[in-house]
$ cat my_file-v7.csv   # CSV, C-alpha atoms
chain,number,residue,atom,x,y,z
D,1,MET,CA,76.3,-12.5,-31.0
D,2,THR,CA,73.3,-12.3,-33.3
D,3,ASP,CA,72.9,-11.4,-36.9
D,4,PRO,CA,70.5,-8.7,-38.1
D,5,HIS,CA,67.9,-11.4,-38.6
D,6,GLY,CA,68.0,-12.5,-35.0
D,7,ALA,CA,69.8,-15.9,-35.6
D,8,ALA,CA,72.4,-16.8,-33.1
D,9,ARG,CA,76.0,-16.9,-34.6
D,10,PRO,CA,78.8,-18.9,-33.2
D,11,GLY,CA,81.4,-16.8,-31.4
D,12,LEU,CA,84.5,-17.3,-29.4
D,13,SER,CA,84.9,-17.5,-25.6
D,14,ILE,CA,88.3,-17.3,-24.0
D,15,ASP,CA,89.1,-18.5,-20.4
D,16,HIS,CA,92.3,-17.3,-18.9
D,17,THR,CA,94.2,-19.2,-16.2
D,18,THR,CA,97.9,-19.3,-15.1
D,19,VAL,CA,99.9,-22.4,-14.4
D,20,ASP,CA,103.4,-22.0,-13.0
D,21,ASP,CA,103.7,-18.5,-14.6
D,22,VAL,CA,102.4,-19.8,-17.9
D,23,ARG,CA,99.3,-18.1,-19.3
D,24,VAL,CA,96.8,-20.7,-20.5
D,25,LEU,CA,94.0,-19.6,-22.8
D,26,ALA,CA,91.2,-22.1,-23.3
D,27,LEU,CA,89.3,-21.2,-26.5
D,28,ARG,CA,85.8,-22.3,-27.3
D,29,GLY,CA,83.9,-21.7,-30.5
D,30,GLU,CA,85.0,-20.6,-33.9
D,31,ILE,CA,88.0,-18.4,-34.9
D,32,ASP,CA,87.3,-16.3,-37.9
D,33,GLN,CA,87.3,-12.7,-39.1
D,34,ASP,CA,84.6,-11.7,-36.6
D,35,VAL,CA,86.7,-12.6,-33.6
D,36,LYS,CA,90.3,-12.0,-34.7
D,37,ASP,CA,90.7,-8.8,-32.8
D,38,ILE,CA,89.4,-10.4,-29.6
D,39,LEU,CA,91.8,-13.3,-30.0
D,40,SER,CA,94.7,-10.9,-30.9
D,41,GLU,CA,94.1,-8.9,-27.7
D,42,ALA,CA,94.0,-12.0,-25.6
D,43,LEU,CA,97.3,-13.2,-27.0
D,44,SER,CA,99.0,-9.8,-26.7
D,45,CYS,CA,101.9,-9.6,-24.3
D,46,ASP,CA,102.9,-6.3,-22.7
D,47,SER,CA,104.7,-7.4,-19.6
D,48,THR,CA,108.5,-7.2,-19.0
D,49,VAL,CA,108.7,-10.9,-18.1
D,50,PRO,CA,109.2,-13.2,-21.1
D,51,PRO,CA,105.7,-14.3,-22.0
D,52,ARG,CA,104.9,-18.0,-22.0
D,53,ILE,CA,101.5,-18.9,-23.4
D,54,VAL,CA,99.7,-22.2,-24.1
D,55,VAL,CA,96.5,-21.9,-26.2
D,56,ASP,CA,94.1,-24.8,-25.7
D,57,LEU,CA,92.2,-25.2,-28.9
D,58,SER,CA,90.3,-28.4,-27.9
D,59,GLY,CA,87.0,-26.4,-27.9
D,60,VAL,CA,87.6,-24.7,-31.3
D,61,THR,CA,85.5,-26.3,-34.0
D,62,PHE,CA,86.6,-24.0,-36.9
D,63,MET,CA,89.5,-21.7,-37.8
D,64,ASP,CA,90.2,-19.8,-41.0
D,65,SER,CA,93.1,-17.7,-42.2
D,66,SER,CA,92.2,-14.9,-39.8
D,67,GLY,CA,93.2,-17.2,-36.9
D,68,ILE,CA,96.4,-18.3,-38.6
D,69,ASN,CA,97.4,-14.7,-39.0
D,70,VAL,CA,96.7,-13.9,-35.4
D,71,PHE,CA,98.7,-16.9,-34.2
D,72,VAL,CA,101.7,-16.1,-36.4
D,73,ALA,CA,101.6,-12.4,-35.2
D,74,ALA,CA,101.4,-13.5,-31.6
D,75,TYR,CA,104.2,-16.0,-32.1
D,76,GLN,CA,106.4,-13.2,-33.5
D,77,GLN,CA,105.5,-10.9,-30.6
D,78,VAL,CA,106.3,-13.4,-27.8
D,79,SER,CA,109.5,-14.6,-29.5
D,80,ALA,CA,110.7,-11.0,-29.8
D,81,ALA,CA,110.1,-10.7,-26.0
D,82,GLN,CA,112.2,-13.9,-25.4
D,83,GLY,CA,109.0,-15.9,-24.7
D,84,TRP,CA,107.2,-18.8,-26.3
D,85,LEU,CA,103.7,-19.8,-27.6
D,86,ARG,CA,102.4,-23.3,-27.8
D,87,ILE,CA,99.2,-24.8,-29.1
D,88,ALA,CA,97.5,-27.7,-27.3
D,89,GLY,CA,94.6,-30.0,-28.0
D,90,ALA,CA,93.6,-28.9,-31.5
D,91,GLN,CA,90.8,-30.9,-33.0
D,92,ASP,CA,91.6,-32.8,-36.2
D,93,SER,CA,90.0,-30.2,-38.5
D,94,VAL,CA,91.8,-27.3,-36.8
D,95,LEU,CA,95.1,-29.1,-36.6
D,96,ARG,CA,94.8,-29.9,-40.3
D,97,VAL,CA,94.5,-26.2,-41.1
D,98,LEU,CA,97.6,-25.5,-39.0
D,99,GLN,CA,99.5,-28.3,-40.8
D,100,LEU,CA,98.4,-27.3,-44.3
D,101,VAL,CA,99.9,-23.8,-43.9
D,102,GLY,CA,102.9,-25.0,-41.9
D,103,VAL,CA,102.1,-23.2,-38.7
D,104,ASP,CA,102.8,-26.5,-36.8
D,105,THR,CA,106.5,-26.3,-37.9
D,106,VAL,CA,106.8,-22.8,-36.3
D,107,ILE,CA,104.5,-23.0,-33.3
D,108,PRO,CA,104.7,-26.2,-31.4
D,109,CYS,CA,101.4,-28.2,-31.3
D,110,HIS,CA,100.8,-30.7,-28.6
D,111,PRO,CA,98.0,-33.2,-28.0
D,112,THR,CA,97.3,-32.0,-24.4
D,113,ILE,CA,97.8,-28.9,-22.2
D,114,GLU,CA,100.0,-30.9,-19.9
D,115,GLN,CA,102.3,-31.9,-22.7
D,116,ALA,CA,102.4,-28.2,-23.9
D,117,LEU,CA,103.3,-27.0,-20.4
D,118,ASN,CA,106.0,-29.6,-19.9
D,119,ALA,CA,107.6,-29.5,-23.4
$ encode --input "my_file-v7.csv" --output "structure tokens"
Amino acid sequence: MTDPHGAARPGLSIDHTTVDDVRVLALRGEIDQDVKDILSEALSCDSTVPPRIVVDLSGVTFMDSSGINVFVAAYQQVSAAQGWLRIAGAQDSVLRVLQLVGVDTVIPCHPTIEQALNA
């Protein structure tokens, strides 16, 4: 993405993989108002199988309230479908945001993807 003045702006990239029927989303970049719809779409579940999702935040350097809102909405959606959502690898600055608003008490946060998958 670029702004009207041609300067590059940080964005968000999302890599999708599946491990033992668990969707693993590896995020890189910043989570803010500009990318909330992209993140929300990536987290959406519309399958009949209970969704199981691990979100790897090790590549996320910034997250604001837009990201918090997307994660809470996704958690509610997967829980209603009898599934689960877990966060893995959040950098200290991002983990601190999750802890400040109490998201870590609702959505399990794990140090690694492996721990999130095996919890």
$ closest_residue --input "my_file-v7.csv" --among "D:Cys45, D:Leu39, D:Ile107, D:Ile31" --to "Thr61 in chain D" --atoms "only C-alpha atoms"
D:Ile31
$ residues_around --input "my_file-v7.csv" --residues "range 17-24 of chain D" --least-positions-apart "4" --cutoff "9 Å" --atoms "all atoms listed in the file" --output "PDB file with C-alpha atoms, in the frame of the given file"
ATOM      1  CA  PRO D  51     105.700 -14.300 -22.000  1.00  0.00           C
ATOM      2  CA  ARG D  52     104.900 -18.000 -22.000  1.00  0.00           C
ATOM      3  CA  ILE D  53     101.500 -18.900 -23.400  1.00  0.00           C
ATOM      4  CA  VAL D  54      99.700 -22.200 -24.100  1.00  0.00           C
ATOM      5  CA  VAL D  55      96.500 -21.900 -26.200  1.00  0.00           C
ATOM      6  CA  ASP D  56      94.100 -24.800 -25.700  1.00  0.00           C
ATOM      7  CA  ILE D 113      97.800 -28.900 -22.200  1.00  0.00           C
ATOM      8  CA  LEU D 117     103.300 -27.000 -20.400  1.00  0.00           C
TER       9      LEU D 117
END
$ residues_around --input "my_file-v7.csv" --residues "Asp34 in chain D" --least-positions-apart "5" --cutoff "10 Å" --atoms "all atoms listed in the file" --output "list in words"
Pro10, Gly11, Leu12, Leu39 and Ser66 of chain D
$ residues_around --input "my_file-v7.csv" --residues "Asp15 in chain D" --least-positions-apart "3" --cutoff "7 Å" --atoms "all atoms listed in the file" --output "list in words"
Leu25, Ala26 and Leu27 of chain D
$ closest_residue --input "my_file-v7.csv" --among "D:Ser44, D:Ser58, D:Ser13, D:Asn69" --to "Thr112 in chain D" --atoms "all atoms listed in the file"
D:Ser58
$ residues_near_point --input "my_file-v7.csv" --point "(89.6, -30.3, -34.2)" --cutoff "10 Å" --atoms "only C-alpha atoms" --output "MDAnalysis selection string"
chainID D and resid 57:63 89:97
$ atom_distance --input "my_file-v7.csv" --atom1 "CA of Val35 in chain D" --atom2 "CA of Ile68 in chain D"
12.3 Å
$ closest_residue --input "my_file-v7.csv" --among "D:Val49, D:Val72, D:Val78, D:Ile38" --to "Leu98 in chain D" --atoms "all atoms listed in the file"
D:Val72
$ atom_distance --input "my_file-v7.csv" --atom1 "CA of Gln33 in chain D" --atom2 "CA of Asp46 in chain D"
23.5 Å
$ atom_distance --input "my_file-v7.csv" --atom1 "CA of Ser65 in chain D" --atom2 "CA of Pro50 in chain D"
26.9 Å
$ build_atoms --input "my_file-v7.csv" --residues "range 57-80 of chain D" --atoms "N, CA and C atoms" --output "PDB file, in the frame of the given file"
ATOM      1  N   LEU D  57      93.156 -25.323 -27.846  1.00  0.00           N
ATOM      2  CA  LEU D  57      92.200 -25.200 -28.900  1.00  0.00           C
ATOM      3  C   LEU D  57      91.219 -26.415 -28.962  1.00  0.00           C
ATOM      4  N   SER D  58      91.153 -27.183 -27.877  1.00  0.00           N
ATOM      5  CA  SER D  58      90.300 -28.400 -27.900  1.00  0.00           C
ATOM      6  C   SER D  58      88.804 -28.002 -28.047  1.00  0.00           C
ATOM      7  N   GLY D  59      88.420 -26.787 -27.718  1.00  0.00           N
ATOM      8  CA  GLY D  59      87.000 -26.400 -27.900  1.00  0.00           C
ATOM      9  C   GLY D  59      86.777 -25.563 -29.139  1.00  0.00           C
ATOM     10  N   VAL D  60      87.773 -25.471 -30.012  1.00  0.00           N
ATOM     11  CA  VAL D  60      87.600 -24.700 -31.300  1.00  0.00           C
ATOM     12  C   VAL D  60      87.207 -25.676 -32.372  1.00  0.00           C
ATOM     13  N   THR D  61      86.087 -25.369 -33.002  1.00  0.00           N
ATOM     14  CA  THR D  61      85.500 -26.300 -34.000  1.00  0.00           C
ATOM     15  C   THR D  61      85.862 -25.789 -35.450  1.00  0.00           C
ATOM     16  N   PHE D  62      86.319 -24.540 -35.601  1.00  0.00           N
ATOM     17  CA  PHE D  62      86.600 -24.000 -36.900  1.00  0.00           C
ATOM     18  C   PHE D  62      87.642 -22.881 -36.790  1.00  0.00           C
ATOM     19  N   MET D  63      88.572 -22.828 -37.747  1.00  0.00           N
ATOM     20  CA  MET D  63      89.500 -21.700 -37.800  1.00  0.00           C
ATOM     21  C   MET D  63      89.849 -21.443 -39.261  1.00  0.00           C
ATOM     22  N   ASP D  64      89.784 -20.159 -39.633  1.00  0.00           N
ATOM     23  CA  ASP D  64      90.200 -19.800 -41.000  1.00  0.00           C
ATOM     24  C   ASP D  64      91.489 -19.035 -40.969  1.00  0.00           C
ATOM     25  N   SER D  65      91.842 -18.420 -42.094  1.00  0.00           N
ATOM     26  CA  SER D  65      93.100 -17.700 -42.200  1.00  0.00           C
ATOM     27  C   SER D  65      93.268 -16.570 -41.233  1.00  0.00           C
ATOM     28  N   SER D  66      92.162 -16.018 -40.783  1.00  0.00           N
ATOM     29  CA  SER D  66      92.200 -14.900 -39.800  1.00  0.00           C
ATOM     30  C   SER D  66      92.910 -15.443 -38.515  1.00  0.00           C
ATOM     31  N   GLY D  67      92.552 -16.636 -38.096  1.00  0.00           N
ATOM     32  CA  GLY D  67      93.200 -17.200 -36.900  1.00  0.00           C
ATOM     33  C   GLY D  67      94.636 -17.539 -37.125  1.00  0.00           C
ATOM     34  N   ILE D  68      94.966 -18.048 -38.299  1.00  0.00           N
ATOM     35  CA  ILE D  68      96.400 -18.300 -38.600  1.00  0.00           C
ATOM     36  C   ILE D  68      97.187 -17.055 -38.500  1.00  0.00           C
ATOM     37  N   ASN D  69      96.682 -15.968 -39.085  1.00  0.00           N
ATOM     38  CA  ASN D  69      97.400 -14.700 -39.000  1.00  0.00           C
ATOM     39  C   ASN D  69      97.590 -14.197 -37.610  1.00  0.00           C
ATOM     40  N   VAL D  70      96.570 -14.351 -36.768  1.00  0.00           N
ATOM     41  CA  VAL D  70      96.700 -13.900 -35.400  1.00  0.00           C
ATOM     42  C   VAL D  70      97.726 -14.749 -34.638  1.00  0.00           C
ATOM     43  N   PHE D  71      97.727 -16.053 -34.842  1.00  0.00           N
ATOM     44  CA  PHE D  71      98.700 -16.900 -34.200  1.00  0.00           C
ATOM     45  C   PHE D  71     100.130 -16.607 -34.608  1.00  0.00           C
ATOM     46  N   VAL D  72     100.338 -16.373 -35.900  1.00  0.00           N
ATOM     47  CA  VAL D  72     101.700 -16.100 -36.400  1.00  0.00           C
ATOM     48  C   VAL D  72     102.155 -14.722 -35.807  1.00  0.00           C
ATOM     49  N   ALA D  73     101.275 -13.723 -35.789  1.00  0.00           N
ATOM     50  CA  ALA D  73     101.600 -12.400 -35.200  1.00  0.00           C
ATOM     51  C   ALA D  73     101.942 -12.546 -33.723  1.00  0.00           C
ATOM     52  N   ALA D  74     101.150 -13.328 -33.002  1.00  0.00           N
ATOM     53  CA  ALA D  74     101.400 -13.500 -31.600  1.00  0.00           C
ATOM     54  C   ALA D  74     102.700 -14.252 -31.341  1.00  0.00           C
ATOM     55  N   TYR D  75     102.983 -15.251 -32.165  1.00  0.00           N
ATOM     56  CA  TYR D  75     104.200 -16.000 -32.100  1.00  0.00           C
ATOM     57  C   TYR D  75     105.430 -15.021 -32.238  1.00  0.00           C
ATOM     58  N   GLN D  76     105.338 -14.167 -33.235  1.00  0.00           N
ATOM     59  CA  GLN D  76     106.400 -13.200 -33.500  1.00  0.00           C
ATOM     60  C   GLN D  76     106.578 -12.247 -32.306  1.00  0.00           C
ATOM     61  N   GLN D  77     105.465 -11.822 -31.731  1.00  0.00           N
ATOM     62  CA  GLN D  77     105.500 -10.900 -30.600  1.00  0.00           C
ATOM     63  C   GLN D  77     106.140 -11.533 -29.369  1.00  0.00           C
ATOM     64  N   VAL D  78     105.713 -12.743 -29.027  1.00  0.00           N
ATOM     65  CA  VAL D  78     106.300 -13.400 -27.800  1.00  0.00           C
ATOM     66  C   VAL D  78     107.721 -13.800 -28.054  1.00  0.00           C
ATOM     67  N   SER D  79     108.067 -14.193 -29.253  1.00  0.00           N
ATOM     68  CA  SER D  79     109.500 -14.600 -29.500  1.00  0.00           C
ATOM     69  C   SER D  79     110.367 -13.340 -29.429  1.00  0.00           C
ATOM     70  N   ALA D  80     109.902 -12.189 -29.896  1.00  0.00           N
ATOM     71  CA  ALA D  80     110.700 -11.000 -29.800  1.00  0.00           C
ATOM     72  C   ALA D  80     110.900 -10.569 -28.333  1.00  0.00           C
TER      73      ALA D  80
END
